[in-house]
file target.cif (mmCIF, C-alpha atoms and all ligand atoms)
data_input
#
loop_
_atom_site.label_atom_id
_atom_site.label_comp_id
_atom_site.auth_asym_id
_atom_site.auth_seq_id
_atom_site.Cartn_x
_atom_site.Cartn_y
_atom_site.Cartn_z
CA MET A 1008 111.16 72.57 45.52
CA ASP A 1009 112.24 73.83 42.08
CA ARG A 1010 110.95 77.00 40.54
CA ARG A 1011 108.46 75.23 38.32
CA SER A 1012 106.83 73.23 41.12
CA PHE A 1013 106.80 76.33 43.31
CA ILE A 1014 104.93 78.28 40.64
CA LYS A 1015 102.63 75.31 40.09
CA ARG A 1016 101.94 75.03 43.80
CA THR A 1017 101.47 78.70 44.44
CA GLY A 1018 99.36 78.91 41.30
CA VAL A 1019 97.07 76.23 42.62
CA ALA A 1020 97.12 77.83 46.05
CA SER A 1021 96.20 81.23 44.74
CA LEU A 1022 93.47 79.68 42.64
CA GLY A 1023 92.17 78.07 45.81
CA ILE A 1024 92.25 81.40 47.58
CA GLY A 1025 90.52 82.93 44.60
CA LEU A 1026 87.75 80.37 44.71
CA ASN A 1027 87.26 80.78 48.44
CA TYR A 1028 87.53 84.51 48.31
CA HIS A 1029 83.81 85.01 48.37
CA LYS A 1030 83.83 87.28 51.36
CA THR A 1031 84.61 90.95 51.17
CA PHE A 1032 83.74 93.66 53.61
CA SER A 1033 80.75 95.80 52.82
CA VAL A 1034 79.30 98.70 54.66
CA THR A 1035 75.75 97.66 55.41
CA LYS A 1036 74.87 100.31 57.94
CA ASN A 1037 75.75 103.38 55.97
CA ASN A 1038 74.27 105.90 58.29
CA ILE A 1039 75.02 104.34 61.64
CA SER A 1040 75.99 107.71 63.12
CA ASN A 1041 76.13 105.92 66.43
CA PRO A 1042 79.38 106.72 68.13
CA LEU A 1043 81.04 104.07 70.19
CA VAL A 1044 84.30 103.40 71.97
CA ILE A 1045 85.89 100.12 72.96
CA ALA A 1046 89.00 99.55 75.04
CA THR A 1047 91.08 96.67 76.29
CA TRP A 1048 90.42 95.46 79.84
CA ASN A 1049 88.12 96.96 82.44
CA VAL A 1050 88.68 100.68 82.01
CA LYS A 1051 85.25 102.24 82.46
CA ASN A 1052 86.63 105.61 83.53
CA ALA A 1053 88.61 105.83 80.30
CA THR A 1054 85.67 104.87 78.08
CA GLU A 1055 83.44 107.26 80.05
CA LYS A 1056 85.81 110.11 79.23
CA ALA A 1057 85.92 109.14 75.56
CA TRP A 1058 82.14 108.88 75.48
CA GLN A 1059 81.74 112.38 76.93
CA ILE A 1060 83.50 113.64 73.82
CA LEU A 1061 81.82 111.33 71.31
CA SER A 1062 78.31 111.95 72.63
CA LYS A 1063 78.79 115.70 72.18
CA LYS A 1064 79.66 115.18 68.52
CA GLY A 1065 83.37 115.36 69.26
CA ASN A 1066 85.81 113.60 66.99
CA SER A 1067 87.20 110.12 67.54
CA LEU A 1068 90.82 111.29 67.76
CA ASP A 1069 90.10 113.62 70.69
CA ALA A 1070 88.07 110.86 72.34
CA ILE A 1071 91.00 108.45 72.03
CA GLU A 1072 93.56 110.87 73.39
CA GLN A 1073 91.41 111.98 76.33
CA GLY A 1074 90.30 108.44 77.12
CA CYS A 1075 93.84 107.07 77.16
CA MET A 1076 94.99 110.00 79.30
CA VAL A 1077 92.65 108.87 82.08
CA GLU A 1078 94.60 105.64 82.50
CA GLU A 1079 97.96 107.37 82.05
CA SER A 1080 97.07 109.58 85.03
CA ASN A 1081 95.85 106.70 87.16
CA GLU A 1082 98.63 105.91 89.63
CA GLN A 1083 96.98 102.62 90.62
CA GLY A 1084 97.35 101.18 87.12
CA GLN A 1085 100.81 99.61 87.00
CA SER A 1086 101.07 99.18 83.26
CA VAL A 1087 100.31 102.60 81.85
CA GLY A 1088 101.67 106.11 82.45
CA ILE A 1089 102.46 107.18 85.99
CA GLY A 1090 102.77 104.21 88.33
CA GLY A 1091 103.83 101.90 85.50
CA LEU A 1092 106.15 99.10 86.58
CA PRO A 1093 109.73 99.84 85.57
CA ASP A 1094 112.28 97.89 83.58
CA ARG A 1095 114.85 95.69 85.35
CA ASP A 1096 116.96 98.73 86.13
CA GLY A 1097 114.15 100.77 87.65
CA ASN A 1098 113.33 103.02 84.67
CA VAL A 1099 109.68 103.59 83.81
CA THR A 1100 109.62 103.85 80.02
CA LEU A 1101 106.48 104.45 78.02
CA ASP A 1102 105.40 103.39 74.54
CA ALA A 1103 102.33 104.78 72.77
CA CYS A 1104 100.82 105.31 69.36
CA ILE A 1105 97.79 106.92 67.80
CA MET A 1106 96.20 106.68 64.37
CA ASN A 1107 93.45 108.73 62.79
CA HIS A 1108 90.82 108.15 60.13
CA LYS A 1109 93.07 109.59 57.43
CA GLY A 1110 95.66 106.89 58.00
CA ASP A 1111 98.07 109.30 59.70
CA CYS A 1112 99.87 108.02 62.74
CA GLY A 1113 102.41 108.96 65.37
CA SER A 1114 104.23 107.11 68.09
CA VAL A 1115 106.74 107.39 70.89
CA VAL A 1116 108.98 104.64 72.20
CA TYR A 1117 111.09 104.51 75.33
CA LEU A 1118 109.74 107.82 76.60
CA LYS A 1119 110.83 108.68 80.14
CA ASN A 1120 109.40 111.08 82.74
CA ILE A 1121 106.45 112.33 80.67
CA LYS A 1122 103.23 110.63 81.63
CA HIS A 1123 100.96 111.47 78.68
CA ALA A 1124 102.73 109.42 76.06
CA ILE A 1125 99.54 109.30 73.97
CA SER A 1126 99.55 113.11 73.65
CA ILE A 1127 103.18 113.12 72.55
CA ALA A 1128 102.37 110.44 69.98
CA ARG A 1129 99.57 112.65 68.67
CA LEU A 1130 101.92 115.63 68.46
CA VAL A 1131 104.50 113.54 66.60
CA MET A 1132 101.73 112.81 64.08
CA GLU A 1133 100.50 116.39 63.85
CA LYS A 1134 103.62 118.53 64.28
CA THR A 1135 106.52 116.55 62.83
CA PRO A 1136 107.26 114.99 59.46
CA HIS A 1137 107.94 111.69 61.27
CA VAL A 1138 105.98 108.76 62.62
CA ILE A 1139 108.14 107.53 65.52
CA LEU A 1140 110.29 109.41 68.02
CA ALA A 1141 112.35 107.47 70.55
CA GLY A 1142 113.99 108.00 73.93
CA ASP A 1143 115.76 111.28 74.55
CA GLY A 1144 114.54 112.71 71.24
CA ALA A 1145 110.94 111.97 72.17
CA LYS A 1146 111.42 113.61 75.56
CA LYS A 1147 113.13 116.63 74.07
CA PHE A 1148 110.23 117.02 71.67
CA ALA A 1149 107.71 116.69 74.52
CA LEU A 1150 109.49 119.39 76.53
CA SER A 1151 109.56 121.65 73.48
CA MET A 1152 105.78 121.21 73.28
CA GLY A 1153 105.40 122.46 76.86
CA PHE A 1154 105.15 119.16 78.73
CA LYS A 1155 106.80 118.93 82.14
CA GLU A 1156 109.04 116.16 83.40
CA GLU A 1157 107.88 114.17 86.41
CA ASN A 1158 108.95 111.06 88.25
CA LEU A 1159 106.73 108.22 87.05
CA LEU A 1160 108.01 105.61 89.51
CA THR A 1161 105.51 105.62 92.37
CA GLU A 1162 106.39 104.24 95.82
CA LYS A 1163 104.20 101.18 95.19
CA SER A 1164 105.85 100.34 91.86
CA LYS A 1165 109.28 100.99 93.36
CA THR A 1166 108.55 98.58 96.23
CA ASP A 1167 107.26 95.93 93.82
CA TRP A 1168 110.39 96.33 91.69
CA ILE A 1169 112.68 96.03 94.72
CA ASN A 1170 110.85 92.89 95.80
CA TRP A 1171 111.10 91.49 92.28
CA LYS A 1172 114.83 92.19 92.26
CA LYS A 1173 115.28 89.88 95.24
CA LYS A 1174 114.28 86.95 93.02
CA GLU A 1175 115.01 88.40 89.58
CA LYS A 1176 113.17 85.61 87.82
CA TYR A 1177 111.70 87.10 84.73
CA LYS A 1178 108.77 85.14 83.42
CA PRO A 1179 105.85 86.55 81.48
CA ILE A 1180 102.84 85.61 83.56
CA ILE A 1181 99.33 85.19 82.31
CA ASN A 1182 96.91 88.03 82.70
CA ILE A 1183 98.35 89.73 85.69
CA GLU A 1184 98.75 93.43 86.01
CA ASN A 1185 101.92 93.51 83.95
CA HIS A 1186 99.79 92.99 80.83
CA ASP A 1187 97.34 95.81 80.95
CA THR A 1188 98.05 98.12 78.07
CA ILE A 1189 95.14 100.35 77.27
CA GLY A 1190 94.21 100.05 73.63
CA MET A 1191 91.22 102.06 72.48
CA LEU A 1192 89.18 102.33 69.27
CA ALA A 1193 86.43 104.89 68.64
CA ILE A 1194 83.91 105.77 65.95
CA ASP A 1195 82.47 109.27 65.97
CA LYS A 1196 79.25 110.83 64.63
CA ASN A 1197 80.85 111.22 61.22
CA ASN A 1198 81.69 107.51 61.14
CA ASN A 1199 85.39 108.26 61.39
CA ILE A 1200 87.52 105.72 63.23
CA SER A 1201 90.61 106.48 65.32
CA GLY A 1202 92.66 104.39 67.71
CA GLY A 1203 95.35 104.63 70.35
CA CYS A 1204 97.48 102.45 72.52
CA THR A 1205 99.56 103.42 75.57
CA THR A 1206 101.65 101.35 77.96
CA SER A 1207 104.66 101.11 80.20
CA GLY A 1208 105.26 97.77 78.50
CA LEU A 1209 106.21 94.52 80.06
CA ALA A 1210 107.10 94.79 83.74
CA TYR A 1211 110.82 94.35 84.46
CA LYS A 1212 111.68 94.19 80.78
CA MET A 1213 115.28 94.49 79.63
CA GLN A 1214 116.42 98.08 79.39
CA GLY A 1215 115.67 99.38 75.92
CA ARG A 1216 112.96 96.83 75.18
CA VAL A 1217 110.12 98.13 73.04
CA GLY A 1218 106.93 96.13 72.59
CA ASP A 1219 104.15 96.04 70.05
CA SER A 1220 102.12 98.91 71.47
CA PRO A 1221 103.86 101.81 69.67
CA ILE A 1222 104.38 99.88 66.43
CA ILE A 1223 101.74 100.68 63.86
CA GLY A 1224 100.36 97.47 62.38
CA SER A 1225 101.29 95.39 65.41
CA GLY A 1226 99.82 97.11 68.47
CA LEU A 1227 97.29 99.18 66.51
CA TYR A 1228 95.94 99.62 63.02
CA ILE A 1229 93.11 101.68 61.55
CA ASP A 1230 91.71 101.73 58.04
CA ASN A 1231 88.74 104.06 57.98
CA GLU A 1232 87.11 102.15 55.11
CA ILE A 1233 87.21 98.88 57.04
CA GLY A 1234 87.78 99.24 60.80
CA GLY A 1235 90.45 99.08 63.45
CA ALA A 1236 92.18 96.69 65.83
CA VAL A 1237 94.36 96.98 68.91
CA ALA A 1238 96.36 94.52 70.99
CA THR A 1239 97.38 93.81 74.55
CA GLY A 1240 99.52 91.10 76.07
CA LEU A 1241 102.96 89.76 75.26
CA GLY A 1242 104.12 92.27 72.67
CA GLU A 1243 106.81 90.06 71.19
CA GLU A 1244 104.15 87.64 69.93
CA VAL A 1245 102.03 90.43 68.51
CA LEU A 1246 105.06 91.91 66.74
CA LYS A 1247 105.97 88.57 65.18
CA THR A 1248 102.52 88.24 63.64
CA VAL A 1249 101.77 91.93 62.90
CA GLY A 1250 98.49 91.27 64.65
CA SER A 1251 96.44 94.46 64.30
CA PHE A 1252 97.14 94.90 60.60
CA LEU A 1253 96.27 91.25 60.09
CA ILE A 1254 92.92 91.72 61.82
CA VAL A 1255 91.99 94.74 59.71
CA GLU A 1256 92.95 92.85 56.54
CA LEU A 1257 90.84 89.88 57.66
CA MET A 1258 87.90 92.22 58.24
CA ARG A 1259 88.49 93.58 54.72
CA GLN A 1260 87.99 90.01 53.52
CA GLY A 1261 84.63 89.93 55.24
CA TYR A 1262 85.42 88.35 58.59
CA SER A 1263 83.60 89.76 61.58
CA PRO A 1264 85.71 91.55 64.23
CA THR A 1265 85.49 88.50 66.52
CA GLU A 1266 86.42 86.05 63.73
CA ALA A 1267 89.31 88.26 62.65
CA CYS A 1268 90.64 88.52 66.23
CA LYS A 1269 90.29 84.75 66.60
CA ILE A 1270 92.29 84.03 63.43
CA ALA A 1271 95.03 86.42 64.60
CA ILE A 1272 95.17 84.57 67.94
CA GLN A 1273 95.32 81.25 66.10
CA ARG A 1274 98.35 82.54 64.17
CA ILE A 1275 100.16 82.88 67.49
CA VAL A 1276 98.90 79.65 68.99
CA ASN A 1277 99.68 77.60 65.88
CA LYS A 1278 103.24 78.80 65.46
CA PRO A 1279 105.66 75.89 65.57
CA GLY A 1280 106.79 75.41 69.15
CA SER A 1281 104.44 78.07 70.47
CA ASN A 1282 104.40 78.12 74.27
CA TYR A 1283 101.12 80.02 74.26
CA LYS A 1284 100.02 78.40 77.52
CA ASN A 1285 102.51 80.61 79.31
CA PHE A 1286 101.41 84.01 78.10
CA GLN A 1287 98.43 86.13 77.19
CA VAL A 1288 97.56 88.09 74.08
CA GLY A 1289 94.19 89.76 73.56
CA TYR A 1290 92.78 91.70 70.63
CA ILE A 1291 89.75 93.93 70.23
CA ALA A 1292 88.38 95.19 66.92
CA VAL A 1293 85.62 97.26 65.39
CA ASN A 1294 84.42 97.45 61.81
CA LYS A 1295 82.93 100.32 59.86
CA ASN A 1296 79.43 99.05 60.57
CA GLY A 1297 80.04 99.47 64.28
CA ASP A 1298 80.29 95.72 64.95
CA THR A 1299 82.80 94.95 67.68
CA GLY A 1300 84.59 91.85 68.93
CA SER A 1301 87.50 90.49 70.89
CA TYR A 1302 89.47 87.32 71.33
CA ALA A 1303 92.32 86.22 73.58
CA ILE A 1304 94.54 83.25 74.18
CA GLN A 1305 93.66 82.86 77.85
CA LYS A 1306 90.56 83.28 79.93
CA GLY A 1307 90.33 86.56 81.80
CA PHE A 1308 90.62 89.12 79.05
CA SER A 1309 87.84 91.66 78.66
CA MET A 1310 86.78 94.66 76.62
CA THR A 1311 85.00 97.78 77.84
CA LYS A 1312 82.44 99.18 75.44
CA TYR A 1313 80.55 102.44 75.68
CA ASP A 1314 77.82 103.07 73.15
CA LYS A 1315 74.23 104.26 73.24
CA ASN A 1316 73.43 101.28 75.47
CA GLY A 1317 75.83 102.35 78.19
CA ASN A 1318 79.28 101.57 79.55
CA LYS A 1319 79.86 97.84 79.85
CA ASN A 1320 82.71 95.49 80.54
CA ILE A 1321 82.38 92.39 78.37
CA SER A 1322 84.30 89.15 78.92
CA SER A 1323 86.22 88.07 75.88
CA LEU A 1324 86.05 84.77 74.06
CA PHE A 1325 89.30 82.88 74.29
CA PHE A 1326 91.17 79.96 72.81
CA GLU A 1327 89.68 76.82 74.33
CA LYS A 1328 92.38 74.18 74.09
CA ILE A 1329 94.32 75.09 77.20
N1 LIG A 1401 101.64 94.78 74.81
C1 LIG A 1401 102.42 95.38 75.86
C2 LIG A 1401 103.87 95.17 75.57
O1 LIG A 1401 104.25 94.08 75.19
C3 LIG A 1401 102.15 94.87 77.20
C4 LIG A 1401 100.74 94.94 77.67
O2 LIG A 1401 99.78 94.69 76.93
O3 LIG A 1401 100.55 95.29 78.83
O4 LIG A 1401 104.63 96.08 75.80
#
call {"tool": "encode", "arguments": {"input": "target.cif", "output": "structure tokens"}}
result
Amino acid sequence: MDRRSFIKRTGVASLGIGLNYHKTFSVTKNNISNPLVIATWNVKNATEKAWQILSKKGNSLDAIEQGCMVEESNEQGQSVGIGGLPDRDGNVTLDACIMNHKGDCGSVVYLKNIKHAISIARLVMEKTPHVILAGDGAKKFALSMGFKEENLLTEKSKTDWINWKKKEKYKPIINIENHDTIGMLAIDKNNNISGGCTTSGLAYKMQGRVGDSPIIGSGLYIDNEIGGAVATGLGEEVLKTVGSFLIVELMRQGYSPTEACKIAIQRIVNKPGSNYKNFQVGYIAVNKNGDTGSYAIQKGFSMTKYDKNGNKNISSLFFEKI
């Protein structure tokens, strides 16, 4: 295609977009003042903790941090914090990020031996001039902030890893416990939105692998004027499509949270040669009006929502053509 036909084509295309661009986001419930929290998967204890803060007029950032910490402390959960399944070499490495209503964010990648990765991410945001700290630097920073090192590899996760090593066949599997990142979005009494995401990443990943969860725009994105989105599932696919940023931008164009999540999933599914049948990705989103939604590739994804109507786990819509 020469330059002229490119300009002609893109000109026509942008005209088309212009003509169809009838939707834009508008705040219709100005004074909702109804706090709410949503999270990926069935994590009622985490949303309960966040709600305790939100219902007492606490701010959404504190709710996110405290809510995520519940799962990071839960040894039974094998994809977040302590008890997380290790990489191929037996290291539990954590990724997390947090974003507030002012558009500030912080993240940690490849953090070892400190279970509350979400708190370190928050401190990166609040106490450093940086956005991301990795590996030894992230740990050094955590220790300097008073956090203590601990072994995150529980006996159960160690046994599972040793059993896995006998076969050593790495294959991302749909919807099992190695895809269980907690992603959380909250709106507080002041209508301010914050979000967080914390994970031990893909089970038995290559050493040094970092997923979408600590990458702002991919695993999480917040725009306080519009809403927020967060991802779970095969991080590589979320990274390639910058999923959470995409969802927020789609909501800006007027799509509902569910529609926006669905379009982001379609981006993954429709990629040339996509082998989407073999993996899971799920998104949840909230807009400034307090509307929420989710969408996944495969059946089995769910969202936990705590608002004035209580704490509920809600099955997600998913891509039908499996
Ligand atoms: N998104 C995470 C990652 O790829 C995995 C998960 O959701 O559990 O690291």
call {"tool": "residues_around", "arguments": {"input": "target.cif", "residues": "stretch 1304-1320 of chain A", "least_positions_apart": "2", "cutoff": "6 Å", "atoms": "all atoms listed in the file", "output": "JSON, numbers by chain"}}
result
{"A": [1043, 1044, 1045, 1046, 1047, 1048, 1049, 1287, 1288, 1322, 1323, 1325, 1326]}
call {"tool": "write_last_selection", "arguments": {"input": "target.cif", "atoms": "C-alpha atoms", "output": "JSON list (two decimals), keeping the file's coordinate frame"}}
result
[["chain", "number", "residue", "atom", "x", "y", "z"],
["A", 1043, "LEU", "CA", 81.04, 104.07, 70.19],
["A", 1044, "VAL", "CA", 84.30, 103.40, 71.97],
["A", 1045, "ILE", "CA", 85.89, 100.12, 72.96],
["A", 1046, "ALA", "CA", 89.00, 99.55, 75.04],
["A", 1047, "THR", "CA", 91.08, 96.67, 76.29],
["A", 1048, "TRP", "CA", 90.42, 95.46, 79.84],
["A", 1049, "ASN", "CA", 88.12, 96.96, 82.44],
["A", 1287, "GLN", "CA", 98.43, 86.13, 77.19],
["A", 1288, "VAL", "CA", 97.56, 88.09, 74.08],
["A", 1322, "SER", "CA", 84.30, 89.15, 78.92],
["A", 1323, "SER", "CA", 86.22, 88.07, 75.88],
["A", 1325, "PHE", "CA", 89.30, 82.88, 74.29],
["A", 1326, "PHE", "CA", 91.17, 79.96, 72.81]]
call {"tool": "residues_near_point", "arguments": {"input": "target.cif", "point": "(91.5, 105.9, 66.4)", "cutoff": "12 Å", "atoms": "all atoms listed in the file", "output": "VMD selection string"}}
result
chain A and resid 1043 to 1046 1057 1066 to 1075 1104 to 1113 1125 1129 1190 to 1195 1198 to 1204 1223 1227 to 1231 1234 to 1237 1292 to 1294
call {"tool": "closest_atom_pairs", "arguments": {"input": "target.cif", "of": "chain A", "to": "ligand LIG 1401 (chain A)", "cutoff": "6 Å", "atoms": "only C-alpha atoms and all ligand atoms", "output": "JSON lines"}}
result
{"residue": "A:Ser1086", "atom": "CA", "partner": "A:LIG1401", "partner_atom": "O3", "distance": 5.9}
{"residue": "A:Asn1185", "atom": "CA", "partner": "A:LIG1401", "partner_atom": "O3", "distance": 5.6}
{"residue": "A:His1186", "atom": "CA", "partner": "A:LIG1401", "partner_atom": "O3", "distance": 3.1}
{"residue": "A:Asp1187", "atom": "CA", "partner": "A:LIG1401", "partner_atom": "O3", "distance": 3.9}
{"residue": "A:Thr1188", "atom": "CA", "partner": "A:LIG1401", "partner_atom": "O3", "distance": 3.9}
{"residue": "A:Gly1208", "atom": "CA", "partner": "A:LIG1401", "partner_atom": "O4", "distance": 3.2}
{"residue": "A:Leu1209", "atom": "CA", "partner": "A:LIG1401", "partner_atom": "O4", "distance": 4.8}
{"residue": "A:Gly1218", "atom": "CA", "partner": "A:LIG1401", "partner_atom": "O4", "distance": 3.9}
{"residue": "A:Asp1219", "atom": "CA", "partner": "A:LIG1401", "partner_atom": "O1", "distance": 5.5}
{"residue": "A:Ser1220", "atom": "CA", "partner": "A:LIG1401", "partner_atom": "N1", "distance": 5.3}
{"residue": "A:Thr1239", "atom": "CA", "partner": "A:LIG1401", "partner_atom": "O2", "distance": 3.5}
{"residue": "A:Gly1240", "atom": "CA", "partner": "A:LIG1401", "partner_atom": "O2", "distance": 3.7}
{"residue": "A:Leu1241", "atom": "CA", "partner": "A:LIG1401", "partner_atom": "O1", "distance": 4.5}
{"residue": "A:Gly1242", "atom": "CA", "partner": "A:LIG1401", "partner_atom": "O1", "distance": 3.1}
call {"tool": "closest_residue", "arguments": {"input": "target.cif", "among": "A:Thr1161, A:Ser1151, A:Thr1265, A:Ser1251", "to": "A:Gly1091", "atoms": "only C-alpha atoms"}}
result
A:Thr1161
call {"tool": "residues_near_point", "arguments": {"input": "target.cif", "point": "(93.9, 89.3, 61.4)", "cutoff": "8 Å", "atoms": "all atoms listed in the file", "output": "list in words"}}
result
Gly1250, Ser1251, Phe1252, Leu1253, Ile1254, Val1255, Glu1256, Leu1257, Met1258, Ala1267, Cys1268, Lys1269, Ile1270 and Ala1271 of chain A
call {"tool": "atom_distance", "arguments": {"input": "target.cif", "atom1": "atom CA of A:Lys1174", "atom2": "atom CA of A:Gln1214"}}
result
17.7 Å
call {"tool": "residues_around", "arguments": {"input": "target.cif", "residues": "A:Val1131", "least_positions_apart": "2", "cutoff": "9 Å", "atoms": "only C-alpha atoms", "output": "PyMOL selection string"}}
result
chain A and resi 1112-1115+1126-1129+1133-1140+1145+1148
call {"tool": "closest_residue", "arguments": {"input": "target.cif", "among": "A:Thr1100, A:Asn1120, A:Thr1206, A:Asn1170", "to": "A:Phe1154", "atoms": "all atoms listed in the file"}}
result
A:Asn1120
call {"tool": "atom_distance", "arguments": {"input": "target.cif", "atom1": "atom CA of A:Tyr1283", "atom2": "atom CA of A:Gly1261"}}
result
27.1 Å
call {"tool": "closest_residue", "arguments": {"input": "target.cif", "among": "A:Phe1032, A:Tyr1211, A:Trp1168, A:Tyr1117", "to": "A:Asn1296", "atoms": "all atoms listed in the file"}}
result
A:Phe1032
call {"tool": "decode", "arguments": {"input": "target.cif", "residues": "stretch 1198-1205 of chain A", "atoms": "all heavy atoms", "output": "PDB file, in the first residue's frame"}}
result
ATOM      1  N   ASN A1198     -16.695   8.478  46.020  1.00  0.00           N
ATOM      2  CA  ASN A1198     -16.697   8.094  44.604  1.00  0.00           C
ATOM      3  C   ASN A1198     -15.308   7.981  44.007  1.00  0.00           C
ATOM      4  O   ASN A1198     -15.132   8.152  42.800  1.00  0.00           O
ATOM      5  CB  ASN A1198     -17.513   9.072  43.757  1.00  0.00           C
ATOM      6  CG  ASN A1198     -18.969   8.696  43.736  1.00  0.00           C
ATOM      7  OD1 ASN A1198     -19.345   7.675  44.308  1.00  0.00           O
ATOM      8  ND2 ASN A1198     -19.770   9.507  43.081  1.00  0.00           N
ATOM      9  N   ASN A1199     -14.324   7.753  44.840  1.00  0.00           N
ATOM     10  CA  ASN A1199     -12.963   7.555  44.330  1.00  0.00           C
ATOM     11  C   ASN A1199     -12.696   6.069  44.113  1.00  0.00           C
ATOM     12  O   ASN A1199     -13.023   5.238  44.950  1.00  0.00           O
ATOM     13  CB  ASN A1199     -11.933   8.129  45.300  1.00  0.00           C
ATOM     14  CG  ASN A1199     -11.893   9.645  45.220  1.00  0.00           C
ATOM     15  OD1 ASN A1199     -12.132  10.210  44.159  1.00  0.00           O
ATOM     16  ND2 ASN A1199     -11.613  10.297  46.330  1.00  0.00           N
ATOM     17  N   ILE A1200     -12.074   5.792  42.969  1.00  0.00           N
ATOM     18  CA  ILE A1200     -11.820   4.397  42.576  1.00  0.00           C
ATOM     19  C   ILE A1200     -10.336   4.068  42.750  1.00  0.00           C
ATOM     20  O   ILE A1200      -9.472   4.855  42.359  1.00  0.00           O
ATOM     21  CB  ILE A1200     -12.199   4.164  41.094  1.00  0.00           C
ATOM     22  CG1 ILE A1200     -13.623   4.663  40.816  1.00  0.00           C
ATOM     23  CG2 ILE A1200     -12.057   2.694  40.714  1.00  0.00           C
ATOM     24  CD1 ILE A1200     -14.007   4.628  39.349  1.00  0.00           C
ATOM     25  N   SER A1201     -10.068   2.910  43.339  1.00  0.00           N
ATOM     26  CA  SER A1201      -8.697   2.375  43.399  1.00  0.00           C
ATOM     27  C   SER A1201      -8.748   0.916  42.995  1.00  0.00           C
ATOM     28  O   SER A1201      -9.820   0.295  43.000  1.00  0.00           O
ATOM     29  CB  SER A1201      -8.120   2.460  44.819  1.00  0.00           C
ATOM     30  OG  SER A1201      -8.074   3.790  45.265  1.00  0.00           O
ATOM     31  N   GLY A1202      -7.558   0.377  42.675  1.00  0.00           N
ATOM     32  CA  GLY A1202      -7.503  -1.038  42.310  1.00  0.00           C
ATOM     33  C   GLY A1202      -6.178  -1.659  42.689  1.00  0.00           C
ATOM     34  O   GLY A1202      -5.180  -0.952  42.914  1.00  0.00           O
ATOM     35  N   GLY A1203      -6.177  -2.978  42.773  1.00  0.00           N
ATOM     36  CA  GLY A1203      -4.935  -3.697  43.083  1.00  0.00           C
ATOM     37  C   GLY A1203      -4.969  -5.090  42.486  1.00  0.00           C
ATOM     38  O   GLY A1203      -6.040  -5.602  42.124  1.00  0.00           O
ATOM     39  N   CYS A1204      -3.801  -5.660  42.396  1.00  0.00           N
ATOM     40  CA  CYS A1204      -3.682  -6.981  41.793  1.00  0.00           C
ATOM     41  C   CYS A1204      -2.468  -7.654  42.424  1.00  0.00           C
ATOM     42  O   CYS A1204      -1.404  -7.028  42.513  1.00  0.00           O
ATOM     43  CB  CYS A1204      -3.455  -6.747  40.303  1.00  0.00           C
ATOM     44  SG  CYS A1204      -3.629  -8.188  39.298  1.00  0.00           S
ATOM     45  N   THR A1205      -2.609  -8.889  42.891  1.00  0.00           N
ATOM     46  CA  THR A1205      -1.472  -9.544  43.543  1.00  0.00           C
ATOM     47  C   THR A1205      -1.473 -11.033  43.214  1.00  0.00           C
ATOM     48  O   THR A1205      -2.524 -11.667  43.181  1.00  0.00           O
ATOM     49  CB  THR A1205      -1.480  -9.274  45.077  1.00  0.00           C
ATOM     50  OG1 THR A1205      -0.345  -9.908  45.665  1.00  0.00           O
ATOM     51  CG2 THR A1205      -2.746  -9.746  45.762  1.00  0.00           C
TER      52      THR A1205
END
